[in-house]
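To be precise, the following lines are upload_11.cif, and they hold mmCIF, C-alpha atoms.
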data_structure
loop_
_atom_site.group_PDB
_atom_site.id
_atom_site.type_symbol
_atom_site.label_atom_id
_atom_site.label_comp_id
_atom_site.auth_asym_id
_atom_site.auth_seq_id
_atom_site.Cartn_x
_atom_site.Cartn_y
_atom_site.Cartn_z
ATOM 1 C CA MET P 1 -13.128 2.078 -5.529
ATOM 2 C CA LEU P 2 -12.300 -1.573 -5.157
ATOM 3 C CA ASN P 3 -11.718 -3.501 -1.963
ATOM 4 C CA LYS P 4 -9.988 -6.886 -2.192
ATOM 5 C CA ASN P 5 -12.283 -8.343 0.477
ATOM 6 C CA GLN P 6 -15.576 -7.268 -1.039
ATOM 7 C CA LYS P 7 -17.552 -9.463 -3.402
ATOM 8 C CA HIS P 8 -20.474 -7.083 -3.780
ATOM 9 C CA PRO P 9 -20.505 -3.396 -4.731
ATOM 10 C CA LEU P 10 -21.658 -2.129 -1.334
ATOM 11 C CA TYR P 11 -19.403 0.551 0.082
ATOM 12 C CA PHE P 12 -19.378 2.250 3.469
ATOM 13 C CA PHE P 13 -18.206 5.854 3.700
ATOM 14 C CA GLN P 14 -15.988 5.193 6.736
ATOM 15 C CA ASP P 15 -13.938 2.840 4.535
ATOM 16 C CA TYR P 16 -13.189 5.716 2.158
ATOM 17 C CA ILE P 17 -12.742 8.697 4.463
ATOM 18 C CA LEU P 18 -9.013 8.852 3.736
ATOM 19 C CA ILE P 19 -9.638 8.840 -0.011
ATOM 20 C CA GLU P 20 -12.159 11.657 0.366
ATOM 21 C CA MET P 21 -9.675 13.645 2.465
ATOM 22 C CA LEU P 22 -6.965 13.138 -0.143
ATOM 23 C CA GLU P 23 -9.347 14.208 -2.910
ATOM 24 C CA ILE P 24 -10.146 17.430 -1.045
ATOM 25 C CA CYS P 25 -6.480 18.141 -0.296
ATOM 26 C CA ARG P 26 -5.439 17.441 -3.885
ATOM 27 C CA LYS P 27 -7.467 20.428 -5.060
ATOM 28 C CA ASN P 28 -5.108 22.811 -3.260
ATOM 29 C CA GLU P 29 -1.857 20.935 -2.689
ATOM 30 C CA ASN P 30 0.549 18.533 -4.339
ATOM 31 C CA LEU P 31 -0.010 15.466 -2.175
ATOM 32 C CA MET P 32 3.447 14.111 -2.952
ATOM 33 C CA ASP P 33 4.846 16.975 -0.866
ATOM 34 C CA PHE P 34 3.340 15.237 2.177
ATOM 35 C CA CYS P 35 4.975 11.860 1.524
ATOM 36 C CA ASN P 36 7.553 10.436 3.863
ATOM 37 C CA PRO P 37 10.891 10.567 1.970
ATOM 38 C CA ARG P 38 11.668 7.021 3.090
ATOM 39 C CA LEU P 39 8.728 5.642 1.133
ATOM 40 C CA LEU P 40 9.671 7.653 -1.950
ATOM 41 C CA LYS P 41 13.154 6.168 -1.643
ATOM 42 C CA LEU P 42 11.671 2.641 -1.653
ATOM 43 C CA LEU P 43 9.481 3.477 -4.645
ATOM 44 C CA ALA P 44 12.484 4.880 -6.540
ATOM 45 C CA TYR P 45 14.565 1.826 -5.628
ATOM 46 C CA ASP P 46 11.923 -0.506 -7.072
ATOM 47 C CA GLN P 47 11.690 1.532 -10.254
ATOM 48 C CA LYS P 48 15.458 1.682 -10.700
ATOM 49 C CA GLU P 49 16.242 -1.939 -9.796
ATOM 50 C CA GLY P 50 13.115 -3.576 -11.231
ATOM 51 C CA THR P 51 12.197 -5.044 -7.842
ATOM 52 C CA ASP P 52 8.816 -5.205 -6.100
ATOM 53 C CA HIS P 53 9.551 -4.328 -2.497
ATOM 54 C CA MET P 54 6.547 -1.991 -2.482
ATOM 55 C CA THR P 55 4.144 -4.940 -2.648
ATOM 56 C CA THR P 56 5.865 -6.621 0.291
ATOM 57 C CA PHE P 57 5.871 -3.321 2.189
ATOM 58 C CA TYR P 58 2.180 -2.772 1.377
ATOM 59 C CA GLU P 59 1.155 -6.215 2.628
ATOM 60 C CA PHE P 60 3.378 -5.898 5.721
ATOM 61 C CA MET P 61 1.681 -2.616 6.622
ATOM 62 C CA GLU P 62 -1.808 -3.947 5.789
ATOM 63 C CA ASN P 63 -1.176 -6.888 8.113
ATOM 64 C CA SER P 64 -0.126 -4.609 11.002
ATOM 65 C CA LEU P 65 3.550 -5.596 10.729
ATOM 66 C CA ASN P 66 2.618 -9.228 11.431
ATOM 67 C CA VAL P 67 5.177 -11.485 9.746
ATOM 68 C CA LYS P 68 3.097 -14.673 9.773
ATOM 69 C CA GLN P 69 -0.024 -13.025 8.357
ATOM 70 C CA THR P 70 2.004 -11.211 5.708
ATOM 71 C CA ALA P 71 3.822 -14.393 4.679
ATOM 72 C CA ASP P 72 0.462 -16.158 4.368
ATOM 73 C CA THR P 73 -0.963 -13.290 2.313
ATOM 74 C CA LEU P 74 2.015 -13.286 -0.047
ATOM 75 C CA PHE P 75 2.204 -17.102 -0.170
ATOM 76 C CA VAL P 76 5.871 -17.087 0.809
ATOM 77 C CA HIS P 77 7.819 -18.834 3.547
ATOM 78 C CA LYS P 78 8.254 -16.834 6.740
ATOM 79 C CA ASN P 79 12.053 -16.770 6.313
ATOM 80 C CA THR P 80 11.669 -15.416 2.768
ATOM 81 C CA LEU P 81 9.487 -12.624 4.104
ATOM 82 C CA ILE P 82 11.926 -11.844 6.912
ATOM 83 C CA TYR P 83 14.693 -11.552 4.311
ATOM 84 C CA ARG P 84 12.543 -9.181 2.233
ATOM 85 C CA ILE P 85 11.642 -7.079 5.279
ATOM 86 C CA GLU P 86 15.305 -6.787 6.243
ATOM 87 C CA LYS P 87 16.049 -5.583 2.710
ATOM 88 C CA ILE P 88 13.232 -3.027 2.968
ATOM 89 C CA LYS P 89 14.549 -1.866 6.343
ATOM 90 C CA SER P 90 17.961 -1.422 4.761
ATOM 91 C CA ILE P 91 16.558 0.633 1.865
ATOM 92 C CA LEU P 92 14.387 2.749 4.158
ATOM 93 C CA GLY P 93 17.047 3.160 6.823
ATOM 94 C CA TYR P 94 14.298 2.425 9.327
ATOM 95 C CA ASP P 95 13.204 -0.525 11.505
ATOM 96 C CA PHE P 96 9.412 -0.006 12.026
ATOM 97 C CA SER P 97 9.873 0.710 15.735
ATOM 98 C CA ASP P 98 8.138 4.112 15.890
ATOM 99 C CA SER P 99 4.347 4.250 15.592
ATOM 100 C CA TRP P 100 4.287 7.832 14.263
ATOM 101 C CA GLU P 101 6.847 7.021 11.584
ATOM 102 C CA ASN P 102 4.830 3.905 10.702
ATOM 103 C CA PHE P 103 1.735 6.072 10.363
ATOM 104 C CA THR P 104 3.467 8.560 8.070
ATOM 105 C CA LEU P 105 4.810 5.692 5.957
ATOM 106 C CA TYR P 106 1.333 4.196 5.689
ATOM 107 C CA LEU P 107 -0.207 7.557 4.836
ATOM 108 C CA SER P 108 2.495 8.069 2.228
ATOM 109 C CA LEU P 109 1.758 4.636 0.808
ATOM 110 C CA ARG P 110 -1.888 5.612 0.440
ATOM 111 C CA ILE P 111 -0.926 8.902 -1.218
ATOM 112 C CA VAL P 112 1.303 7.074 -3.688
ATOM 113 C CA MET P 113 -1.538 4.643 -4.430
ATOM 114 C CA PHE P 114 -4.024 7.510 -4.744
ATOM 115 C CA ASN P 115 -1.729 9.170 -7.293
ATOM 116 C CA GLY P 116 -1.426 5.910 -9.232
ATOM 117 C CA LEU P 117 2.317 5.479 -8.693
ATOM 118 C CA PHE P 118 1.861 2.060 -7.070
ATOM 119 C CA GLN P 119 -0.957 -0.469 -7.061
ATOM 120 C CA PRO P 120 -0.844 -3.847 -5.328
ATOM 121 C CA PRO P 121 -1.266 -6.753 -7.766
ATOM 122 C CA TRP P 122 -4.689 -7.776 -6.388
ATOM 123 C CA ARG P 123 -6.037 -4.310 -7.104
ATOM 124 C CA LYS P 124 -4.978 -4.421 -10.734
ATOM 125 C CA GLU P 125 -6.684 -7.819 -11.106
ATOM 126 C CA LYS P 126 -9.878 -6.607 -9.412
ATOM 127 C CA GLU P 127 -10.006 -3.504 -11.606
ATOM 128 C CA GLU P 128 -9.673 -5.663 -14.729
ATOM 129 C CA GLU P 129 -12.484 -7.935 -13.485
ATOM 130 C CA HIS P 130 -14.623 -4.896 -12.734
ATOM 131 C CA GLN P 131 -14.038 -3.463 -16.213
ATOM 132 C CA LYS P 132 -15.044 -6.798 -17.807
ATOM 133 C CA ARG P 133 -18.308 -6.810 -15.830
ATOM 134 C CA LEU P 134 -19.093 -3.285 -17.020
ATOM 135 C CA ARG P 135 -18.817 -4.280 -20.693
#
Would you mind giving the structure from this file in structure tokens?
Amino acid sequence: MLNKNQKHPLYFFQDYILIEMLEICRKNENLMDFCNPRLLKLLAYDQKEGTDHMTTFYEFMENSLNVKQTADTLFVHKNTLIYRIEKIKSILGYDFSDSWENFTLYLSLRIVMFNGLFQPPWRKEKEEEHQKRLR
């Protein structure tokens, strides 16, 4: 498992508890059945329209819905990010105002990532670097 903030291959179990839980659940259940339909709608929209709202959504969630931090992470102007977030809100039919709904969206995001249906760009790059080091 790769972490974008780690430079050394030292991993702490508490950082991967969710992955372990998903691995256990996957043995008996189809994890996609537990996904919030809103997130699946966003994923389908990106696939159909050739957009990348999932990356913006991922970074927005990873940065605790903080616009400034997310804009900095994505290297975009704050107004550009606000425009993207408004588009995502429109697709989801949701405004990020409910903490439980936010949790289920984040959990769904992790399930989608676990199943390999979405990977943030940094993760793809890190995996390629990791594979080169193994050769």
(message) Between CA of Ile91 (chain P) and CA of Leu42 (chain P), what distance in Å does the model show, to one decimal?
(response) 6.3 Å
(message) Expand the PyMOL selection byres ((chain P and resi 95-101) around 10) into the explicit residue set it covers here, and present it as a ChimeraX atom specification.
(response) /P:36,38,61,65,85-86,88-90,92-94,102-107
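Reported to one decimal place, the separation of CA of His77 (chain P) from CA of Ala44 (chain P) is 26.2 Å.
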Hey, what comes out of the PyMOL selection byres ((chain P and resi 27-31) around 10) on this file? Could you write it as a JSON list (two decimals) with C-alpha atoms, keeping the file's coordinate frame?
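Listing of out-v5.json after writing:
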[["chain", "number", "residue", "atom", "x", "y", "z"],
["P", 22, "LEU", "CA", -6.96, 13.14, -0.14],
["P", 23, "GLU", "CA", -9.35, 14.21, -2.91],
["P", 24, "ILE", "CA", -10.15, 17.43, -1.04],
["P", 25, "CYS", "CA", -6.48, 18.14, -0.30],
["P", 26, "ARG", "CA", -5.44, 17.44, -3.88],
["P", 32, "MET", "CA", 3.45, 14.11, -2.95],
["P", 33, "ASP", "CA", 4.85, 16.98, -0.87],
["P", 34, "PHE", "CA", 3.34, 15.24, 2.18],
["P", 35, "CYS", "CA", 4.97, 11.86, 1.52],
["P", 108, "SER", "CA", 2.50, 8.07, 2.23],
["P", 111, "ILE", "CA", -0.93, 8.90, -1.22],
["P", 112, "VAL", "CA", 1.30, 7.07, -3.69],
["P", 114, "PHE", "CA", -4.02, 7.51, -4.74],
["P", 115, "ASN", "CA", -1.73, 9.17, -7.29]]
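Reported to one decimal place, the separation of CA of Arg123 (chain P) from CA of Phe75 (chain P) is 16.7 Å.
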What lies within 6 Å of region 49-60 of chain P using only C-alpha atoms, ignoring chain neighbours under 3 positions off, as a short mmCIF file (atom, residue, chain, number, x, y, z; two decimals) with C-alpha atoms, in the coordinates of the input?
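File produced: result-v6.cif:
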data_model
loop_
_atom_site.label_atom_id
_atom_site.label_comp_id
_atom_site.auth_asym_id
_atom_site.auth_seq_id
_atom_site.Cartn_x
_atom_site.Cartn_y
_atom_site.Cartn_z
CA TYR P 45 14.56 1.83 -5.63
CA ASP P 46 11.92 -0.51 -7.07
CA ASN P 63 -1.18 -6.89 8.11
CA LEU P 65 3.55 -5.60 10.73
CA THR P 70 2.00 -11.21 5.71
CA PRO P 120 -0.84 -3.85 -5.33
#
